[in-house]
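Read the structure below first, then the notes.
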Amino acid sequence: RRLIREANNSDVQGDAEKFVLADHKQEKTDEQFSKIEEWVSTNFLFHHMTPKQKKDAVSCMEKVDVVAEEYVIKQGEMGDKFYIIESGKYDVLVRDDEGVMQSVFGYEHPGEGFGELSLMYGKPRAATIKAETDGALWAINRIAFRACMMKRNSHTDLIQILKKVEILKPLTIPQMQRLCDLFAEETYESGDFIVKQGEEGENVYIVEEGTCVCTKVEDNKEVEMMRLGPNDYFGERALMYDEVRAANVVATEHVKVLTMSRAAFEEVVGSLEDILGKDQTRRENKLNKINRASTYRNFHDG
Ligand code: 1OR
């Protein structure tokens with residue numbers, strides 16, 4: 001990844017991303033590939049990946065054989081692998097207040113997965129996973145998972161998108177190139193919630209394709225606040241003010257978004273407050289205009 005971050009030439013960056021992925025590819029038979037692909041397609045962790053990204057993820061999964069009584073994951077240890085079960089039974093144990101391991105859950109169905117908490121949040125393992133029988137798992141680590149999610153079109157294409165986003169216009173080309181490395185791409189279908197009112201959020205989003213509607217529940221009614229289309233951004237408020245999400249953002253058709261964590265964004269661009277603060281007036285004017293034209297309406301009325 002250092003190679004990717006440090007490279008400035010966009011072609012070199014594209015190649016480096018492919019290199020990361022190629023580095024993680026694991027041999028498997030066609031039969032294994034399609035079985036894992038089926039499991040991946042029903043697992044929430046892969047839900048917002050494009051079909052191509054899912055295929056990349058499957059190709060990076062590595063087989064792990066386990067024997068009965070083996071500890072696959074130990075609570076409190078650092079780890080970044082996510083596992084999908086091919087076979088075997090697994091016990092989930094959590095230490096209670098007295099330090100005694102208690103069984104809290106179990107997995108026994110092929111296709112079930114565990115270990116997503118550490119993969120997604122980089123935190124120590126929240127539970128212990130112990131094999132009750134011999135079995136087989138398919139594992140993917142965080143670097144490979146993230147490399148699959150990355151947008152791997154040429155940087156030139158991505159920079160053309162970023163240049164149209166109002167708040168990013170003042171950025172220099174090198175800053176934009178560094179941002180390109182950190183964006184992941186996600187897809188949503190009509191009716192999917194990209195951001196949910198009341199939830200905590202860590203990511204900002206840019207609409208790449210399609211439209212979304214921003215809604216808010218007021219007096220038990222879901223009212224439309226504004227529509228967002230290509231090159232609009234959202235999800236910044238919760239991060240700027242350290243608040244929960246103030247509204248929903250719902251896809252109204254097939255939508256592609258670029259997304260990045262606040263930490264990654266600030267690493268490249270600096271304080272989100274400073275940059276977005278300048279754009280808040282423009283956004284609030286847009287919102288007021290919509291309100292004045294009384295386009296508030298019940299979302300479900302259409
Ligand atoms: P991880 O990366 O933290 C351990 O590694 C994994 O166990 C964890 O991700 C989950 O995938 C899985 N609490 C925490 N982790 C659980 C739990 C759990 N169940 C499965 N895992 N439970 C709450 C216990 C107070 C049980 C919920 C039914």
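FYI, nothing fancy with the structure tokens labels: chains A, B, ... in order, residues from 1 per chain, ligands from 1 as they appear.
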For this session: Would you please give, as a PyMOL selection string, all residues of region 99-198 of chain A that DSSP assigns to alpha helix (DSSP H) based on the backbone?
Result: chain A and resi 116-121+142-149+155-164+173-182
Write out the residues from the selection above, keeping C-alpha atoms, as a compact mmCIF listing (two decimals), in the first residue's frame.
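After the write, out_36.txt holds the following:
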# COMPACT_ATOMS: atom_id res chain seq x y z
CA GLU A 116 -16.08 -8.95 10.30
CA LEU A 117 -15.79 -6.66 13.33
CA SER A 118 -11.99 -6.61 13.32
CA LEU A 119 -11.82 -6.51 9.53
CA MET A 120 -14.10 -3.48 9.37
CA TYR A 121 -13.13 -1.52 12.48
CA ARG A 142 -8.30 -6.48 5.31
CA ILE A 143 -5.73 -5.35 2.75
CA ALA A 144 -7.17 -7.65 0.09
CA PHE A 145 -10.75 -6.74 1.06
CA ARG A 146 -10.01 -3.04 0.75
CA ALA A 147 -8.10 -3.48 -2.49
CA CYS A 148 -11.23 -5.14 -3.96
CA MET A 149 -13.43 -2.24 -2.86
CA HIS A 155 -7.16 8.15 -11.86
CA THR A 156 -7.77 10.48 -14.77
CA ASP A 157 -11.45 9.39 -14.82
CA LEU A 158 -11.79 9.72 -11.07
CA ILE A 159 -10.14 13.14 -10.99
CA GLN A 160 -12.67 14.33 -13.60
CA ILE A 161 -15.43 13.37 -11.12
CA LEU A 162 -13.71 14.96 -8.13
CA LYS A 163 -13.16 18.21 -10.06
CA LYS A 164 -16.93 18.60 -10.37
CA ILE A 173 -3.95 17.71 -8.42
CA PRO A 174 -1.53 15.82 -6.12
CA GLN A 175 -4.11 16.05 -3.31
CA MET A 176 -6.79 14.73 -5.65
CA GLN A 177 -4.52 11.91 -6.77
CA ARG A 178 -3.96 10.90 -3.15
CA LEU A 179 -7.72 11.01 -2.50
CA CYS A 180 -8.27 8.67 -5.47
CA ASP A 181 -6.31 5.93 -3.69
CA LEU A 182 -8.58 6.07 -0.69
Exercise. Which residues sit within 12 Å of ligand 1, counting only C-alpha atoms and all ligand atoms, listed as number ranges by chain?
Worked result: A: 43-45, 71-85, 90-97, 101-107, 112-130, 140-142
For this session: as a PyMOL selection string, list the residues of region 115-189 of chain A assigned to strand (DSSP E) by DSSP on the backbone atoms of this structure.
Result: chain A and resi 128-131+135-140+184-188
For the selection just defined, write its residues with C-alpha atoms to a file, as a PDB file, in the first residue's frame.
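Writing done, so here's selection.pdb:
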ATOM      1  CA  THR A 128     -13.312 -16.272  20.665  1.00  0.00           C
ATOM      2  CA  ILE A 129     -14.158 -18.723  17.887  1.00  0.00           C
ATOM      3  CA  LYS A 130     -13.350 -22.368  18.644  1.00  0.00           C
ATOM      4  CA  ALA A 131     -13.805 -25.246  16.223  1.00  0.00           C
ATOM      5  CA  GLY A 135     -13.716 -28.161   9.210  1.00  0.00           C
ATOM      6  CA  ALA A 136     -12.701 -25.790   6.454  1.00  0.00           C
ATOM      7  CA  LEU A 137     -12.964 -22.007   6.173  1.00  0.00           C
ATOM      8  CA  TRP A 138     -12.261 -19.409   3.501  1.00  0.00           C
ATOM      9  CA  ALA A 139     -10.480 -16.293   4.751  1.00  0.00           C
ATOM     10  CA  ILE A 140      -9.867 -12.822   3.382  1.00  0.00           C
ATOM     11  CA  ALA A 184     -14.008   2.857  -2.242  1.00  0.00           C
ATOM     12  CA  GLU A 185     -16.923   2.352  -4.610  1.00  0.00           C
ATOM     13  CA  GLU A 186     -20.293   1.014  -3.440  1.00  0.00           C
ATOM     14  CA  THR A 187     -23.520   0.289  -5.281  1.00  0.00           C
ATOM     15  CA  TYR A 188     -27.068   0.539  -3.988  1.00  0.00           C
TER      16      TYR A 188
END
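Atom to atom, CA of Lys89 (chain A) and CA of Glu70 (chain A) stand 11.2 Å apart.
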Which residues of region 99-217 of chain A come within 9 Å of region 241-258 of chain A, and for each one, what is the closest pair of atoms and their distance in Å to one decimal, counting only C-alpha atoms, sorted by chain and residue number, as JSON lines?
{"residue": "A:Lys151", "atom": "CA", "partner": "A:Leu258", "partner_atom": "CA", "distance": 8.0}
{"residue": "A:Phe183", "atom": "CA", "partner": "A:Leu258", "partner_atom": "CA", "distance": 5.9}
{"residue": "A:Ala184", "atom": "CA", "partner": "A:Leu258", "partner_atom": "CA", "distance": 5.6}
{"residue": "A:Glu185", "atom": "CA", "partner": "A:Leu258", "partner_atom": "CA", "distance": 4.6}
{"residue": "A:Glu186", "atom": "CA", "partner": "A:Val257", "partner_atom": "CA", "distance": 5.4}
{"residue": "A:Thr187", "atom": "CA", "partner": "A:Lys256", "partner_atom": "CA", "distance": 4.5}
{"residue": "A:Tyr188", "atom": "CA", "partner": "A:Val255", "partner_atom": "CA", "distance": 5.1}
{"residue": "A:Glu189", "atom": "CA", "partner": "A:His254", "partner_atom": "CA", "distance": 4.5}
{"residue": "A:Ser190", "atom": "CA", "partner": "A:Glu253", "partner_atom": "CA", "distance": 4.1}
{"residue": "A:Gly191", "atom": "CA", "partner": "A:Ala251", "partner_atom": "CA", "distance": 5.4}
{"residue": "A:Asp192", "atom": "CA", "partner": "A:Ala251", "partner_atom": "CA", "distance": 5.5}
{"residue": "A:Phe193", "atom": "CA", "partner": "A:Val250", "partner_atom": "CA", "distance": 4.5}
{"residue": "A:Ile194", "atom": "CA", "partner": "A:Val249", "partner_atom": "CA", "distance": 5.5}
{"residue": "A:Val195", "atom": "CA", "partner": "A:Val249", "partner_atom": "CA", "distance": 5.0}
{"residue": "A:Lys196", "atom": "CA", "partner": "A:Asn248", "partner_atom": "CA", "distance": 4.5}
{"residue": "A:Gln197", "atom": "CA", "partner": "A:Ala247", "partner_atom": "CA", "distance": 4.4}
{"residue": "A:Gly198", "atom": "CA", "partner": "A:Arg245", "partner_atom": "CA", "distance": 5.1}
{"residue": "A:Glu199", "atom": "CA", "partner": "A:Val244", "partner_atom": "CA", "distance": 5.3}
{"residue": "A:Glu200", "atom": "CA", "partner": "A:Val244", "partner_atom": "CA", "distance": 4.7}
{"residue": "A:Gly201", "atom": "CA", "partner": "A:Arg245", "partner_atom": "CA", "distance": 6.6}
{"residue": "A:Val204", "atom": "CA", "partner": "A:Leu258", "partner_atom": "CA", "distance": 8.4}
{"residue": "A:Tyr205", "atom": "CA", "partner": "A:Leu258", "partner_atom": "CA", "distance": 5.6}
{"residue": "A:Ile206", "atom": "CA", "partner": "A:Leu258", "partner_atom": "CA", "distance": 5.1}
{"residue": "A:Val207", "atom": "CA", "partner": "A:Val257", "partner_atom": "CA", "distance": 4.6}
{"residue": "A:Glu208", "atom": "CA", "partner": "A:Val257", "partner_atom": "CA", "distance": 5.1}
{"residue": "A:Glu209", "atom": "CA", "partner": "A:Lys256", "partner_atom": "CA", "distance": 5.0}
{"residue": "A:Gly210", "atom": "CA", "partner": "A:Val255", "partner_atom": "CA", "distance": 4.6}
{"residue": "A:Thr211", "atom": "CA", "partner": "A:Thr252", "partner_atom": "CA", "distance": 5.9}
{"residue": "A:Cys212", "atom": "CA", "partner": "A:Ala251", "partner_atom": "CA", "distance": 4.3}
{"residue": "A:Val213", "atom": "CA", "partner": "A:Val250", "partner_atom": "CA", "distance": 5.3}
{"residue": "A:Cys214", "atom": "CA", "partner": "A:Val249", "partner_atom": "CA", "distance": 4.5}
{"residue": "A:Thr215", "atom": "CA", "partner": "A:Asn248", "partner_atom": "CA", "distance": 5.1}
{"residue": "A:Lys216", "atom": "CA", "partner": "A:Ala247", "partner_atom": "CA", "distance": 4.8}
{"residue": "A:Val217", "atom": "CA", "partner": "A:Ala247", "partner_atom": "CA", "distance": 7.6}
